[in-house]
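First up is the structure itself, then whatever we jot down about it.
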Amino acid sequence: MNALNRKLLRDIASFKGQVAAIAVIIGSGVMVLILFATILEAINQSRDRYYQGHNFAHVFTEIKRAPESVSERIRAIPGVSLAETRVKAPVRISVEDFKDPVQGEIISIPDGRQPDLNRLYLRQGILPEPGYLNQVLVSEPFALAHNFQTGHTLRAIIKGRMETLTISGIVLSPEYVYQIGPTDLIPDYKRFAVLWMNRSALAGAFGMEGAFNNLVLSLHADADEQKVIEAVDHILAQYGSVGAYGRRDQTSNRFLQEELDQLRVMTIVLPAIFLGVSAFLLNVLMARIIRTQRQQIAVLKAFGYTNVQVGLHFVKFTALIVCMGSALGVGMGAWAAHAMSGLYAEYFRFPEMDFGLQPATVVLSILVAFGAGLAGTFRAVAGAAGQAPAEAMRPPAPERFSKGVIEQSFLGKVLGQTGRMILRNISRYRFKTMMSMLGISLSGSLILLGSYQFESVNHMLDVQYRLVQRMDISLSFNEPVSSNAMAGLAGLPGVHYVESYRSVPVRLSHNRLEYRTSILGLDRDAVLRVVVDKDLQPVAVPPEGLLMTSYLAGYLGAVPGDLITVEVMEGHRRTLELPLAGTVEEPVGISAYMDRPSLNIIMREGPAISGAWLLTDETSHDQLFARLHQMPQVAGIGVISTAEANIRGYIEDTVLIFMVILLILAGSIAFAVVYNNARVAFAERSRELATLRVLGFTRAEVAWILIGEIGLITLLSIPVGWILGTGFALLLNHAMSSELFRLPFVLSPAIFAFSALGVIAASVLSLFFIAGKLRRLDMVTALKTE
């Protein structure tokens, strides 16, 4: 081992506290990068394998009823590879010893064989046998939720008739990776099921012999999807088509893609913040080491070491710290990814998902960490390598000092000697003070960023389920019915109030941009389902024109007063232009709203409704559900409290877990930053502090000079951290806004207080360790001339 390497190890041992603190920050950045990159890679690969291996369709459409002969015209469309017709219908299920309503979908498969598209992964059992009318396949999540096995039976209401069905197999489908009901946002495996039945049996139950009401297509690699969709819509328009759509708008794939997009944001943003802080701290540490080792560098060069050798020596110092941090980060990242694997497997149902570390991910993470470390220390290392030996041997020129503004002010006269020393040192070394403040404020900003997520998530759910959705039960009908049905609903057990709605699927267009959604027709003076403005005040639905969420208006580039092209995908399929009357704020989902009677007029129908919302007495739910099960027109029954509990559980399991990790890492960074600054300040001022002790200052007075300076810098850093944290929160808020969720930008005083307390706690802990060094200060050693 040569002299430079021995010196390197001595330096590492001498600065072990600061080295460990910076290694923890680097490890945090590497951990976050590996965690999100591993999850992203695992889901991406699982999705691609599953979609390709099970022929997931490219285009989907639903119609009222079309003769089977029409399928030949579909297959003749240029670009279509395979076309498969199906029968698909809503179904209500009765599960023994489970009182809540269970809804589902039942889909046909060719008798006794796998479908050509959206092939099923058979986890257990066999496909329904040809000629058997009551055999079904059930989705694995539903089966696990109710402990169903092959051979078990369940009861289902199919076309108004109660049928007993036998489970022949348990399956997964690429069409239901994210298995949710038509109006849900979060999977509820106990209350939503997917069933598959032989085509002949299901067609007979729904009167669909020789006809179909659902169609899926696969396309050639070079096909123009939009042209295929237009051709399909043209052929099926007369059969009540609601409009074809591609994979992008397919419900399961759309939710999956949203999750992948958010993971990509987290993979870039959070590691960049952590590694940026580590690069800054490495720069501070390396500059301080080189400043105190000027004479050592000069001696090394005088003995023949070249600039390159000296520079590489300090690069090795950085590399060792990065290696320690990377090793820590890789281990923590692998552990965190494994811990999160079960969570993602719960919500995204693939036949298999491998969360193992990929060598490319590890190499990329380490390279990014090395890049950040070298970028942070480049300037200091280059300065060390470029120092001339004679110049480096000369001690730094004494600085010129004079009375500053503080000493000449009233404050300077009031403060004692130690107070003036603290302020004088801060004012004379402004750049160093600003760098220290920046480091501490960055750690405070990360704490604010983590706590912001908790506040915003709770606020979002409170708005959605306290202000926007005030009903207890949501009902959807198989087909639009007369509003006279409300009278019958009002007489059901435990129902206090009934409000109706009309939902119409549409394609909205403006500025050559378009979006598929539904127009929700609300009753005038609605109280159970309201829309609110940016100040969370109720907005009355205008008698004419559209309201839409500000997110949707922004996507279409529309402002109030603009004409929106509305293509109705139901009934007469009219295309018309409606004025945008205003925008509303809604944190969950994307919708457009109209006055229900006005929507009925557009649809050229009477006072039709698609469903109803009920305000109920919870103690009467068992009787209410029993009566609703007897109504064949009721397709779905949603319990709002259950939906809220599901969505809160999902967010606690995903977003908030990540934020807890972020808070823990941010707290460790806050300690590392403050401790690093305290160690640097102590090392740079140990000679000065020892001199004061010799001159008669007490140990407490000397300690206060250092502790007071660090405390004052910490307090000055807190408001800066608030500003930086607010900026980070705003950036993350915009980056994570999606069609599913839009977290409100809410920063309460409690968030700022929590951030400040985190920084103060880190400072107190750091000063506790520094206090021991102050007690052990050796005045003789500190006063020796360097």
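If you're wondering about the labels, chains in the structure tokens are A, B, ... by order shown, residues count from 1 in each chain, ligands from 1 in order shown.
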
Compile the contact shell of Leu624 of chain A as an mmCIF file with C-alpha atoms, in the first residue's frame: residues with an atom at most 7 Å away, counting only C-alpha atoms, same-chain residues fewer than 3 positions apart removed.
data_model
loop_
_atom_site.group_PDB
_atom_site.id
_atom_site.type_symbol
_atom_site.label_atom_id
_atom_site.label_comp_id
_atom_site.auth_asym_id
_atom_site.auth_seq_id
_atom_site.Cartn_x
_atom_site.Cartn_y
_atom_site.Cartn_z
ATOM 1 C CA LEU A 492 -87.899 1.307 0.065
ATOM 2 C CA PRO A 493 -86.913 0.508 3.679
ATOM 3 C CA GLY A 494 -84.580 3.083 5.246
ATOM 4 C CA SER A 620 -81.923 -0.758 7.386
ATOM 5 C CA HIS A 621 -79.354 -1.752 4.749
ATOM 6 C CA ARG A 627 -85.537 -5.427 -1.872
ATOM 7 C CA LEU A 628 -83.063 -4.077 -4.429
#

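By only C-alpha atoms, and with residues fewer than 5 positions from Tyr593 of chain A along its chain excluded, the set lying at most 7 Å from it is Ile519, Leu520, Gly521, Leu546, Leu547 and Met548 of chain A.
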
Output N, CA, C and O atoms for every residue in the selection just made, as a CSV table (one decimal), in the first residue's frame.
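Here's the written file out.csv:
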chain,number,residue,atom,x,y,z
A,519,ILE,N,-71.1,12.4,-19.9
A,519,ILE,CA,-71.8,13.6,-19.4
A,519,ILE,C,-72.8,13.1,-18.3
A,519,ILE,O,-73.6,12.2,-18.6
A,520,LEU,N,-72.6,13.7,-17.2
A,520,LEU,CA,-73.5,13.3,-16.1
A,520,LEU,C,-74.6,14.4,-15.9
A,520,LEU,O,-74.3,15.6,-15.6
A,521,GLY,N,-75.8,14.0,-16.2
A,521,GLY,CA,-76.9,14.9,-16.0
A,521,GLY,C,-77.5,14.9,-14.6
A,521,GLY,O,-77.9,13.9,-14.1
A,546,LEU,N,-72.4,23.2,-20.9
A,546,LEU,CA,-71.6,22.2,-20.2
A,546,LEU,C,-70.8,22.8,-19.1
A,546,LEU,O,-70.3,23.9,-19.2
A,547,LEU,N,-70.7,22.0,-18.0
A,547,LEU,CA,-69.6,22.2,-17.0
A,547,LEU,C,-68.7,21.0,-17.2
A,547,LEU,O,-69.1,19.9,-17.4
A,548,MET,N,-67.4,21.3,-17.0
A,548,MET,CA,-66.4,20.2,-17.0
A,548,MET,C,-65.3,20.5,-16.0
A,548,MET,O,-65.1,21.7,-15.6

Mind dumping a table of every segment 424-494 of chain A residue within 10 Å of segment 266-283 of chain A, with the nearest atom pair and its distance in Å to one decimal, using only C-alpha atoms, sorted by chain and rising number, as JSON lines?
{"residue": "A:Met435", "atom": "CA", "partner": "A:Phe280", "partner_atom": "CA", "distance": 8.9}
{"residue": "A:Ser436", "atom": "CA", "partner": "A:Leu281", "partner_atom": "CA", "distance": 9.4}
{"residue": "A:Leu438", "atom": "CA", "partner": "A:Phe280", "partner_atom": "CA", "distance": 9.3}
{"residue": "A:Gly439", "atom": "CA", "partner": "A:Val277", "partner_atom": "CA", "distance": 7.2}
{"residue": "A:Ile440", "atom": "CA", "partner": "A:Val277", "partner_atom": "CA", "distance": 9.8}
{"residue": "A:Leu442", "atom": "CA", "partner": "A:Val277", "partner_atom": "CA", "distance": 7.2}
{"residue": "A:Ser443", "atom": "CA", "partner": "A:Val277", "partner_atom": "CA", "distance": 8.1}
{"residue": "A:Leu446", "atom": "CA", "partner": "A:Ile273", "partner_atom": "CA", "distance": 8.4}

Using N, CA and C atoms, can you export the residues from the last selection as a PDB file, in the first residue's frame?
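Saved result, again.pdb, follows:
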ATOM      1  N   MET A 435     -24.140  28.723   2.059  1.00  0.00           N
ATOM      2  CA  MET A 435     -24.059  27.321   1.680  1.00  0.00           C
ATOM      3  C   MET A 435     -24.566  26.417   2.807  1.00  0.00           C
ATOM      4  N   SER A 436     -24.225  26.768   4.052  1.00  0.00           N
ATOM      5  CA  SER A 436     -24.724  25.988   5.187  1.00  0.00           C
ATOM      6  C   SER A 436     -26.239  26.078   5.275  1.00  0.00           C
ATOM      7  N   LEU A 438     -28.266  26.677   2.841  1.00  0.00           N
ATOM      8  CA  LEU A 438     -28.861  25.948   1.718  1.00  0.00           C
ATOM      9  C   LEU A 438     -28.943  24.461   2.018  1.00  0.00           C
ATOM     10  N   GLY A 439     -27.855  23.897   2.574  1.00  0.00           N
ATOM     11  CA  GLY A 439     -27.867  22.476   2.896  1.00  0.00           C
ATOM     12  C   GLY A 439     -28.942  22.113   3.904  1.00  0.00           C
ATOM     13  N   ILE A 440     -29.038  22.921   4.986  1.00  0.00           N
ATOM     14  CA  ILE A 440     -30.051  22.640   6.008  1.00  0.00           C
ATOM     15  C   ILE A 440     -31.452  22.855   5.453  1.00  0.00           C
ATOM     16  N   LEU A 442     -32.468  22.490   2.417  1.00  0.00           N
ATOM     17  CA  LEU A 442     -32.830  21.388   1.526  1.00  0.00           C
ATOM     18  C   LEU A 442     -33.384  20.206   2.322  1.00  0.00           C
ATOM     19  N   SER A 443     -32.765  19.923   3.463  1.00  0.00           N
ATOM     20  CA  SER A 443     -33.281  18.817   4.273  1.00  0.00           C
ATOM     21  C   SER A 443     -34.667  19.149   4.807  1.00  0.00           C
ATOM     22  N   LEU A 446     -37.321  18.595   2.171  1.00  0.00           N
ATOM     23  CA  LEU A 446     -37.708  17.197   1.950  1.00  0.00           C
ATOM     24  C   LEU A 446     -38.707  16.730   3.001  1.00  0.00           C
TER      25      LEU A 446
END

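Atom CA of Gly611 of chain A sits 28.0 Å away from atom CA of Val59 of chain A.
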
* **Interatomic distance (Å, one decimal) between atom CA of Ser474 of chain A and atom CA of Ala612 of chain A** => 6.1 Å

* So which bits of segment 143-314 of chain A end up strand (DSSP E) when you DSSP the backbone, as JSON, numbers by chain? -> {"A": [153, 154, 155, 156, 157, 158, 161, 162, 163, 164, 165, 166, 167, 168, 169, 170, 171, 172, 192, 193, 194, 195, 196, 197, 198, 211, 212, 213, 214, 215, 216, 217, 218, 219, 245, 246]}

* Considering only C-alpha atoms, state which residue in the set A:Val759, A:Leu475, A:Leu724, A:Ile609 is at the smallest distance from Pro182 of chain A. => A:Leu475

* To do: Just the residues within 10 Å of Arg574 of chain A, please, counting only C-alpha atoms, with nothing from its chain fewer than 5 positions along; format it as a ChimeraX atom specification.
  => /A:506,566-569,602-604

Hey, what's within 7 Å of Ala244 of chain A if we count only C-alpha atoms and toss same-chain stuff fewer than 3 positions away? As a PDB file with N, CA and C atoms, in the first residue's frame, please?
ATOM      1  N   VAL A  59     -58.345  -3.271 -29.802  1.00  0.00           N
ATOM      2  CA  VAL A  59     -59.523  -2.412 -29.961  1.00  0.00           C
ATOM      3  C   VAL A  59     -60.718  -3.108 -29.311  1.00  0.00           C
ATOM      4  N   PHE A  60     -61.575  -2.314 -28.657  1.00  0.00           N
ATOM      5  CA  PHE A  60     -62.739  -2.838 -27.935  1.00  0.00           C
ATOM      6  C   PHE A  60     -63.951  -1.983 -28.287  1.00  0.00           C
ATOM      7  N   THR A  61     -65.107  -2.622 -28.309  1.00  0.00           N
ATOM      8  CA  THR A  61     -66.339  -1.855 -28.515  1.00  0.00           C
ATOM      9  C   THR A  61     -67.530  -2.640 -27.978  1.00  0.00           C
ATOM     10  N   ILE A 229     -60.644   2.147 -35.884  1.00  0.00           N
ATOM     11  CA  ILE A 229     -61.722   2.535 -34.973  1.00  0.00           C
ATOM     12  C   ILE A 229     -62.827   3.263 -35.724  1.00  0.00           C
ATOM     13  N   VAL A 232     -64.791   0.710 -37.741  1.00  0.00           N
ATOM     14  CA  VAL A 232     -65.649  -0.108 -36.864  1.00  0.00           C
ATOM     15  C   VAL A 232     -66.872   0.685 -36.435  1.00  0.00           C
ATOM     16  N   ASP A 233     -66.672   1.948 -36.042  1.00  0.00           N
ATOM     17  CA  ASP A 233     -67.798   2.792 -35.613  1.00  0.00           C
ATOM     18  C   ASP A 233     -68.798   2.991 -36.750  1.00  0.00           C
TER      19      ASP A 233
END

* Please measure the separation of atom CA of Val102 of chain A and atom CA of Asn646 of chain A, giving the value in Å to one decimal. =>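 A separation of 14.9 Å between them.
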
* Residues within 7 Å of Ile751 of chain A, only C-alpha atoms, excluding chain neighbours under 2 positions, as a PyMOL selection string -> chain A and resi 448+451-452+747-749+753-755

If you keep all heavy atoms, can you produce a file of those selected residues as a CSV table (one decimal), in the first residue's frame?
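Result file is selection_11.csv:
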chain,number,residue,atom,x,y,z
A,448,LEU,N,-40.9,18.7,4.5
A,448,LEU,CA,-42.1,19.3,4.1
A,448,LEU,C,-42.8,18.6,2.9
A,448,LEU,O,-44.0,18.4,2.9
A,448,LEU,CB,-41.9,20.8,3.7
A,448,LEU,CG,-43.1,21.7,3.4
A,448,LEU,CD1,-42.9,23.1,3.9
A,448,LEU,CD2,-43.5,21.7,2.0
A,451,SER,N,-44.5,15.4,4.3
A,451,SER,CA,-45.7,15.6,5.1
A,451,SER,C,-46.8,16.2,4.3
A,451,SER,O,-48.0,16.0,4.6
A,451,SER,CB,-45.4,16.5,6.3
A,451,SER,OG,-44.7,17.7,5.9
A,452,TYR,N,-46.4,16.9,3.2
A,452,TYR,CA,-47.4,17.5,2.3
A,452,TYR,C,-48.4,16.4,1.7
A,452,TYR,O,-49.6,16.6,1.6
A,452,TYR,CB,-46.7,18.3,1.2
A,452,TYR,CG,-47.5,18.3,-0.1
A,452,TYR,CD1,-48.6,19.2,-0.2
A,452,TYR,CD2,-47.2,17.6,-1.2
A,452,TYR,CE1,-49.4,19.2,-1.4
A,452,TYR,CE2,-47.9,17.6,-2.4
A,452,TYR,CZ,-49.0,18.4,-2.5
A,452,TYR,OH,-49.7,18.5,-3.7
A,747,LEU,N,-51.2,23.3,1.8
A,747,LEU,CA,-50.1,23.4,2.8
A,747,LEU,C,-50.7,24.1,4.0
A,747,LEU,O,-50.8,25.3,4.1
A,747,LEU,CB,-48.9,24.2,2.2
A,747,LEU,CG,-48.2,23.5,1.0
A,747,LEU,CD1,-47.2,24.4,0.4
A,747,LEU,CD2,-47.5,22.2,1.5
A,748,SER,N,-51.0,23.3,5.0
A,748,SER,CA,-51.5,23.9,6.3
A,748,SER,C,-50.3,24.3,7.2
A,748,SER,O,-49.2,23.9,7.0
A,748,SER,CB,-52.3,22.9,7.0
A,748,SER,OG,-51.5,21.8,7.5
A,749,PRO,N,-50.6,25.2,8.2
A,749,PRO,CA,-49.6,25.6,9.1
A,749,PRO,C,-48.9,24.3,9.8
A,749,PRO,O,-47.7,24.4,10.1
A,749,PRO,CB,-50.3,26.4,10.1
A,749,PRO,CG,-51.5,27.0,9.4
A,749,PRO,CD,-51.9,25.9,8.4
A,753,ALA,N,-44.9,23.6,10.4
A,753,ALA,CA,-44.5,23.4,11.8
A,753,ALA,C,-43.7,22.0,11.9
A,753,ALA,O,-42.7,21.9,12.5
A,753,ALA,CB,-45.6,23.4,12.8
A,754,PHE,N,-44.3,21.0,11.2
A,754,PHE,CA,-43.6,19.7,11.2
A,754,PHE,C,-42.2,19.8,10.6
A,754,PHE,O,-41.3,19.2,11.1
A,754,PHE,CB,-44.5,18.7,10.5
A,754,PHE,CG,-44.0,17.3,10.6
A,754,PHE,CD1,-44.1,16.5,11.7
A,754,PHE,CD2,-43.4,16.7,9.5
A,754,PHE,CE1,-43.7,15.2,11.8
A,754,PHE,CE2,-42.9,15.4,9.5
A,754,PHE,CZ,-43.1,14.7,10.7
A,755,SER,N,-42.1,20.5,9.5
A,755,SER,CA,-40.9,20.6,8.8
A,755,SER,C,-39.9,21.3,9.7
A,755,SER,O,-38.7,20.9,9.8
A,755,SER,CB,-41.0,21.4,7.5
A,755,SER,OG,-39.8,21.7,6.9

* **alpha helix (DSSP H) positions in segment 276-361 of chain A, given as a PyMOL selection string** => chain A and resi 276-292+294-302+307-347+359-361

* Could you give me, as JSON, numbers by chain, the residues within 10 Å of Ser69 of chain A, counting only C-alpha atoms and dropping anything in the same chain fewer than 5 positions from it? => {"A": [74, 210, 211, 212]}
